[in-house]
>>> print(open('protein-v9.pdb').read())   # PDB, C-alpha atoms
ATOM      1  CA  MET H   9      19.766  29.411 -23.518
ATOM      2  CA  TRP H  10      22.323  26.590 -23.533
ATOM      3  CA  ASN H  11      23.051  27.170 -19.841
ATOM      4  CA  SER H  12      19.365  26.819 -18.972
ATOM      5  CA  GLU H  13      19.105  23.610 -20.957
ATOM      6  CA  LEU H  14      22.158  22.184 -19.211
ATOM      7  CA  LYS H  15      20.744  23.064 -15.807
ATOM      8  CA  ILE H  16      17.479  21.335 -16.635
ATOM      9  CA  TYR H  17      19.356  18.293 -17.930
ATOM     10  CA  THR H  18      21.550  18.127 -14.820
ATOM     11  CA  VAL H  19      18.604  18.381 -12.453
ATOM     12  CA  ALA H  20      16.758  15.712 -14.426
ATOM     13  CA  VAL H  21      19.717  13.317 -14.354
ATOM     14  CA  VAL H  22      20.429  13.783 -10.651
ATOM     15  CA  GLY H  23      16.735  13.556  -9.802
ATOM     16  CA  SER H  24      16.285  10.350 -11.772
ATOM     17  CA  LEU H  25      19.324   8.773 -10.151
ATOM     18  CA  LEU H  26      18.170   9.702  -6.666
ATOM     19  CA  VAL H  27      14.643   8.422  -7.277
ATOM     20  CA  SER H  28      15.980   5.103  -8.556
ATOM     21  CA  ILE H  29      18.663   4.615  -5.902
ATOM     22  CA  ILE H  30      17.382   6.097  -2.634
ATOM     23  CA  PRO H  31      14.493   3.616  -2.072
ATOM     24  CA  SER H  32      16.979   0.766  -2.085
ATOM     25  CA  CYS H  33      19.163   2.539   0.442
ATOM     26  CA  PHE H  34      16.673   2.066   3.263
ATOM     27  CA  GLY H  35      15.467  -1.051   5.035
ATOM     28  CA  PHE H  36      12.119  -1.492   6.730
ATOM     29  CA  THR H  37      11.922  -1.888  10.489
ATOM     30  CA  ASP H  38       9.206  -3.086  12.781
ATOM     31  CA  PRO H  39       7.318  -0.165  14.347
ATOM     32  CA  GLY H  40       8.044  -1.625  17.776
ATOM     33  CA  ASP H  41      11.716  -2.069  17.064
ATOM     34  CA  SER H  42      13.968   0.196  19.061
ATOM     35  CA  VAL H  43      16.293   0.652  16.094
ATOM     36  CA  THR H  44      16.022   4.124  14.564
ATOM     37  CA  PRO H  45      14.453   4.366  11.087
ATOM     38  CA  TYR H  46      17.777   5.462   9.583
ATOM     39  CA  ALA H  47      19.855   2.632  11.025
ATOM     40  CA  ASN H  48      19.403   0.518   7.908
ATOM     41  CA  ILE H  49      20.740   3.081   5.467
ATOM     42  CA  ASN H  50      22.988   1.278   3.002
ATOM     43  CA  LYS H  51      26.251   3.242   3.169
ATOM     44  CA  PRO H  52      27.678   1.978  -0.160
ATOM     45  CA  PHE H  53      24.608   3.388  -1.922
ATOM     46  CA  ILE H  54      25.063   6.744  -0.186
ATOM     47  CA  ILE H  55      28.680   6.805  -1.340
ATOM     48  CA  THR H  56      27.538   5.930  -4.862
ATOM     49  CA  ILE H  57      25.026   8.776  -4.849
ATOM     50  CA  THR H  58      27.700  11.218  -3.682
ATOM     51  CA  ILE H  59      30.108  10.123  -6.408
ATOM     52  CA  ILE H  60      27.406  10.425  -9.072
ATOM     53  CA  ILE H  61      26.478  13.933  -7.938
ATOM     54  CA  VAL H  62      30.148  15.024  -7.971
ATOM     55  CA  ILE H  63      30.602  13.607 -11.487
ATOM     56  CA  VAL H  64      27.442  15.309 -12.776
ATOM     57  CA  ILE H  65      28.507  18.655 -11.291
ATOM     58  CA  PHE H  66      31.962  18.308 -12.861
ATOM     59  CA  LEU H  67      30.511  17.460 -16.268
ATOM     60  CA  TYR H  68      28.015  20.312 -16.050
ATOM     61  CA  LYS H  69      30.769  22.803 -15.219
ATOM     62  CA  PHE H  70      32.972  21.432 -18.015
ATOM     63  CA  PHE H  71      30.274  21.619 -20.691
ATOM     64  CA  VAL H  72      29.187  25.118 -19.612
ATOM     65  CA  THR H  73      32.797  26.301 -19.950
ATOM     66  CA  VAL H  74      33.151  24.669 -23.382
ATOM     67  CA  ILE H  75      29.924  26.355 -24.502
ATOM     68  CA  ALA H  76      31.170  29.699 -23.173
ATOM     69  CA  ILE H  77      34.461  29.617 -25.082
ATOM     70  CA  ASN H  78      32.764  28.392 -28.260
ATOM     71  CA  SER H  79      30.252  31.221 -27.936
ATOM     72  CA  LEU H  80      33.124  33.715 -27.622
ATOM     73  CA  TYR H  81      34.832  32.148 -30.639
ATOM     74  CA  ALA H  82      31.663  32.566 -32.690
ATOM     75  CA  THR H  83      30.977  36.181 -31.716
ATOM     76  CA  LEU H  84      34.595  37.098 -32.493
ATOM     77  CA  GLY H  85      33.973  35.840 -36.016
ATOM     78  CA  PHE H  86      35.882  32.517 -35.886
ATOM     79  CA  PRO H  87      39.360  34.090 -36.046
ATOM     80  CA  PRO H  88      42.282  31.878 -37.185
ATOM     81  CA  LEU H  89      43.616  31.150 -33.701
ATOM     82  CA  LEU H  90      45.973  28.228 -33.204
ATOM     83  CA  GLY H  91      44.187  25.185 -31.792
ATOM     84  CA  TRP H  92      40.726  26.740 -31.584
ATOM     85  CA  ARG H  93      38.014  24.435 -32.947
ATOM     86  CA  PHE H  94      34.352  25.297 -32.795
ATOM     87  CA  GLY H  95      32.153  22.640 -31.213
ATOM     88  CA  SER H  96      34.893  20.150 -30.413
ATOM     89  CA  GLY H  97      37.949  19.649 -28.264
ATOM     90  CA  ASP H  98      38.900  20.460 -24.699
ATOM     91  CA  PRO H  99      40.270  24.033 -24.496
ATOM     92  CA  CYS H 100      42.532  22.941 -21.632
ATOM     93  CA  SER H 101      44.155  20.032 -23.423
ATOM     94  CA  GLY H 102      44.137  20.980 -27.083
ATOM     95  CA  GLY H 103      46.687  23.800 -27.111
ATOM     96  CA  TRP H 104      44.202  26.605 -27.713
ATOM     97  CA  GLN H 105      46.124  29.824 -28.338
ATOM     98  CA  GLY H 106      45.913  32.253 -25.422
ATOM     99  CA  VAL H 107      43.875  29.962 -23.183
ATOM    100  CA  GLN H 108      45.338  29.446 -19.716
ATOM    101  CA  CYS H 109      44.150  26.583 -17.526
ATOM    102  CA  VAL H 110      44.622  24.994 -14.145
ATOM    103  CA  ASN H 111      43.677  21.341 -14.500
ATOM    104  CA  SER H 112      40.421  21.491 -16.484
ATOM    105  CA  ASN H 113      39.498  25.022 -15.421
ATOM    106  CA  ILE H 114      40.000  27.979 -17.757
ATOM    107  CA  THR H 115      41.697  30.686 -15.672
ATOM    108  CA  GLY H 116      42.719  33.120 -18.384
ATOM    109  CA  ILE H 117      42.204  34.191 -21.991
ATOM    110  CA  VAL H 118      45.081  36.353 -23.242
ATOM    111  CA  LEU H 119      44.742  37.343 -26.891
ATOM    112  CA  ASN H 120      46.107  40.874 -27.061
ATOM    113  CA  ASN H 121      47.314  42.092 -30.469
ATOM    114  CA  ALA H 122      45.705  39.102 -32.176
ATOM    115  CA  SER H 123      43.828  41.018 -34.916
ATOM    116  CA  LEU H 124      40.482  39.983 -33.459
ATOM    117  CA  GLY H 125      37.216  41.472 -34.713
ATOM    118  CA  GLY H 126      33.583  40.763 -34.020
ATOM    119  CA  GLU H 127      32.068  41.371 -30.606
ATOM    120  CA  LEU H 128      32.272  40.053 -27.064
ATOM    121  CA  SER H 129      29.999  37.192 -26.131
ATOM    122  CA  ASP H 130      27.056  37.720 -23.772
ATOM    123  CA  ASN H 131      27.978  34.325 -22.318
ATOM    124  CA  LEU H 132      31.246  35.407 -20.679
ATOM    125  CA  GLY H 133      29.689  35.000 -17.245
ATOM    126  CA  ALA H 134      29.662  31.230 -17.761
ATOM    127  CA  PHE H 135      33.426  31.062 -17.186
ATOM    128  CA  ALA H 136      33.368  29.862 -13.594
ATOM    129  CA  SER H 137      37.098  30.010 -12.800
ATOM    130  CA  ILE H 138      38.546  32.679 -15.065
ATOM    131  CA  ILE H 139      40.583  35.430 -13.406
ATOM    132  CA  GLN H 140      42.131  37.192 -16.415
ATOM    133  CA  ILE H 141      40.779  38.365 -19.752
ATOM    134  CA  ASP H 142      43.134  40.363 -21.963
ATOM    135  CA  LEU H 143      41.738  41.181 -25.406
ATOM    136  CA  SER H 144      43.448  44.544 -25.719
ATOM    137  CA  ASN H 145      44.682  46.102 -28.972
ATOM    138  CA  ASN H 146      42.334  44.328 -31.342
ATOM    139  CA  HIS H 147      39.347  45.459 -33.431
ATOM    140  CA  ILE H 148      36.512  44.212 -31.232
ATOM    141  CA  GLY H 149      33.302  46.221 -31.511
ATOM    142  CA  GLY H 150      29.920  46.212 -29.849
ATOM    143  CA  SER H 151      29.365  46.929 -26.181
ATOM    144  CA  ILE H 152      30.848  45.505 -23.000
ATOM    145  CA  PRO H 153      28.587  42.623 -21.885
ATOM    146  CA  SER H 154      26.763  42.998 -18.599
ATOM    147  CA  ASN H 155      27.199  39.286 -17.877
ATOM    148  CA  LEU H 156      30.826  39.095 -16.734
ATOM    149  CA  PRO H 157      32.574  36.381 -14.688
ATOM    150  CA  LEU H 158      32.424  37.099 -10.963
ATOM    151  CA  THR H 159      35.907  35.601 -10.556
ATOM    152  CA  LEU H 160      37.629  38.203 -12.756
ATOM    153  CA  LYS H 161      40.665  39.971 -11.304
ATOM    154  CA  THR H 162      42.024  41.510 -14.506
ATOM    155  CA  LEU H 163      40.029  42.807 -17.475
ATOM    156  CA  PHE H 164      41.953  44.457 -20.321
ATOM    157  CA  LEU H 165      39.854  45.626 -23.273
ATOM    158  CA  SER H 166      41.781  48.751 -24.243
ATOM    159  CA  GLY H 167      42.563  49.643 -27.841
ATOM    160  CA  ASN H 168      39.414  48.217 -29.414
ATOM    161  CA  GLN H 169      36.251  49.688 -30.952
ATOM    162  CA  LEU H 170      33.854  49.192 -28.065
ATOM    163  CA  VAL H 171      30.891  51.541 -27.817
ATOM    164  CA  GLY H 172      28.496  52.607 -25.102
ATOM    165  CA  SER H 173      29.106  53.012 -21.408
ATOM    166  CA  MET H 174      30.468  50.732 -18.738
ATOM    167  CA  PRO H 175      27.865  48.193 -17.542
ATOM    168  CA  GLU H 176      26.766  48.631 -13.944
ATOM    169  CA  SER H 177      27.583  44.975 -13.329
ATOM    170  CA  LEU H 178      31.303  45.842 -13.293
ATOM    171  CA  SER H 179      30.828  47.261  -9.816
ATOM    172  CA  MET H 180      29.670  43.816  -8.694
ATOM    173  CA  LEU H 181      32.990  42.158  -9.517
ATOM    174  CA  GLY H 182      34.328  41.888  -5.989
ATOM    175  CA  GLN H 183      37.676  40.386  -7.010
ATOM    176  CA  LEU H 184      38.462  42.818  -9.835
ATOM    177  CA  THR H 185      41.761  44.650  -9.254
ATOM    178  CA  ASP H 186      42.800  45.927 -12.679
ATOM    179  CA  LEU H 187      40.527  47.287 -15.393
ATOM    180  CA  SER H 188      41.689  48.807 -18.688
ATOM    181  CA  LEU H 189      39.162  50.226 -21.163
ATOM    182  CA  ASN H 190      41.052  53.169 -22.651
ATOM    183  CA  ASN H 191      41.112  53.951 -26.368
ATOM    184  CA  ASN H 192      37.630  52.769 -27.228
ATOM    185  CA  HIS H 193      34.508  54.551 -28.414
ATOM    186  CA  CYS H 194      32.814  54.203 -25.036
ATOM    187  CA  SER H 195      31.722  56.918 -22.663
ATOM    188  CA  ILE H 196      33.907  58.232 -19.886
ATOM    189  CA  ILE H 197      33.595  55.979 -16.863
ATOM    190  CA  LYS H 198      32.270  57.782 -13.805
ATOM    191  CA  LYS H 199      32.208  54.891 -11.369
ATOM    192  CA  CYS H 200      33.900  51.536 -11.730
ATOM    193  CA  ALA H 201      33.559  49.980  -8.300
ATOM    194  CA  ASP H 202      31.998  50.473  -4.920
ATOM    195  CA  SER H 203      33.973  51.461  -1.848
ATOM    196  CA  THR H 204      34.709  47.844  -0.925
ATOM    197  CA  ASN H 205      36.602  47.105  -4.130
ATOM    198  CA  VAL H 206      39.880  48.859  -4.927
ATOM    199  CA  VAL H 207      40.460  48.858  -8.670
ATOM    200  CA  THR H 208      43.260  50.227 -10.831
ATOM    201  CA  ILE H 209      41.244  51.981 -13.506
ATOM    202  CA  HIS H 210      42.231  53.112 -16.983
ATOM    203  CA  GLU H 211      39.152  54.935 -18.232
ATOM    204  CA  CYS H 212      37.624  54.958 -21.706
ATOM    205  CA  SER H 213      38.506  57.793 -24.003
ATOM    206  CA  ASN H 214      35.972  59.269 -26.383
ATOM    207  CA  ARG H 215      38.091  58.834 -29.479
ATOM    208  CA  GLU H 216      36.424  59.671 -32.746
ATOM    209  CA  ARG H 217      34.699  56.852 -34.522
ATOM    210  CA  SER H 218      36.100  55.941 -37.869
ATOM    211  CA  SER H 219      33.755  56.704 -40.712
TER     212      SER H 219
END
>>> encode(input="protein-v9.pdb", output="structure tokens")
Amino acid sequence: MWNSELKIYTVAVVGSLLVSIIPSCFGFTDPGDSVTPYANINKPFIITITIIIVIVIFLYKFFVTVIAINSLYATLGFPPLLGWRFGSGDPCSGGWQGVQCVNSNITGIVLNNASLGGELSDNLGAFASIIQIDLSNNHIGGSIPSNLPLTLKTLFLSGNQLVGSMPESLSMLGQLTDLSLNNNHCSIIKKCADSTNVVTIHECSNRERSS
């Protein structure tokens, strides 16, 4: 829901800026003038529009990522992780435990053996630059979300309490190279990727659920 609201807000902001700026970017020419209609475009205004659009896109991407990691934090049950603060702070500059970044882009979340509980967030797909998620050997329950980041190369969820079967969306992760789901309560995986994607697979085991 938050992603949809941010998209609407971004479109509204960019649209308003373009409506207010573009009319002043053009001059009026005499119909008989040989100068082309676009000759009077004010280049500084075009540059300004471009800069504004780039800034808006950057801010949109940043806020979506912040929402995604806060959503994960909430669904995991607000575990006592060093530096993690719900609703505030930049995950890439605040020393968030297990969060790996390149510039302002989250590229990895590595929290294996961190005594995590709760469930995985349905908003994981909002991580636009993440390539590694390692939440192995915790106590995470629920099912594997169908909305996963398309940029993922490594996904380690072994040694948890996940249930259900592998989501079909996993086969759509074209960059995925290593997948570990063993020692969960999920069904045996029959197919993890299509023929165009070579994946090192560690399948789920049907270990008995604890009573």
>>> resolve_selection(input="protein-v9.pdb", expression="the PyMOL selection byres ((chain H and resi 116) around 8)", output="list in words")
Gly106, Val107, Gln108, Cys109, Ile114, Thr115, Ile117, Val118, Ile138, Ile139, Gln140 and Ile141 of chain H
>>> closest_residue(input="protein-v9.pdb", among="H:Ile77, H:Leu119, H:Leu90, H:Ala134", to="Asn146 in chain H", atoms="only C-alpha atoms")
H:Leu119
>>> atom_distance(input="protein-v9.pdb", atom1="CA of Ser79 in chain H", atom2="CA of Gly150 in chain H")
15.1 Å
>>> resolve_selection(input="protein-v9.pdb", expression="the PyMOL selection byres ((chain H and resi 160-173) around 8)", output="NGL selection string")
:H and (138-152 or 156-159 or 174-175 or 181 or 183-197 or 212)
>>> atom_distance(input="protein-v9.pdb", atom1="CA of Ala76 in chain H", atom2="CA of Asn131 in chain H")
5.7 Å
>>> resolve_selection(input="protein-v9.pdb", expression="the PyMOL selection byres ((chain H and resi 130) around 8)", output="ChimeraX atom specification")
/H:128-129,131-133,153-155
>>> atom_distance(input="protein-v9.pdb", atom1="CA of Val72 in chain H", atom2="CA of Gly125 in chain H")
23.7 Å
>>> closest_residue(input="protein-v9.pdb", among="H:Asn120, H:Ser177, H:Ser96, H:Ser137", to="Thr73 in chain H", atoms="all atoms listed in the file")
H:Ser137
>>> axis_aligned_box(input="protein-v9.pdb", around="range 174-177 of chain H", padding_each_side="3 Å", output="JSON")
{"center_x": 28.6, "center_y": 47.9, "center_z": -16.0, "size_x": 9.7, "size_y": 11.8, "size_z": 11.4}
>>> closest_residue(input="protein-v9.pdb", among="H:Pro52, H:Gly126, H:Gly103, H:Gly97", to="Ile75 in chain H", atoms="only C-alpha atoms")
H:Gly97
>>> closest_residue(input="protein-v9.pdb", among="H:Pro88, H:Gly95, H:Ala82, H:Trp104", to="Ala122 in chain H", atoms="only C-alpha atoms")
H:Pro88
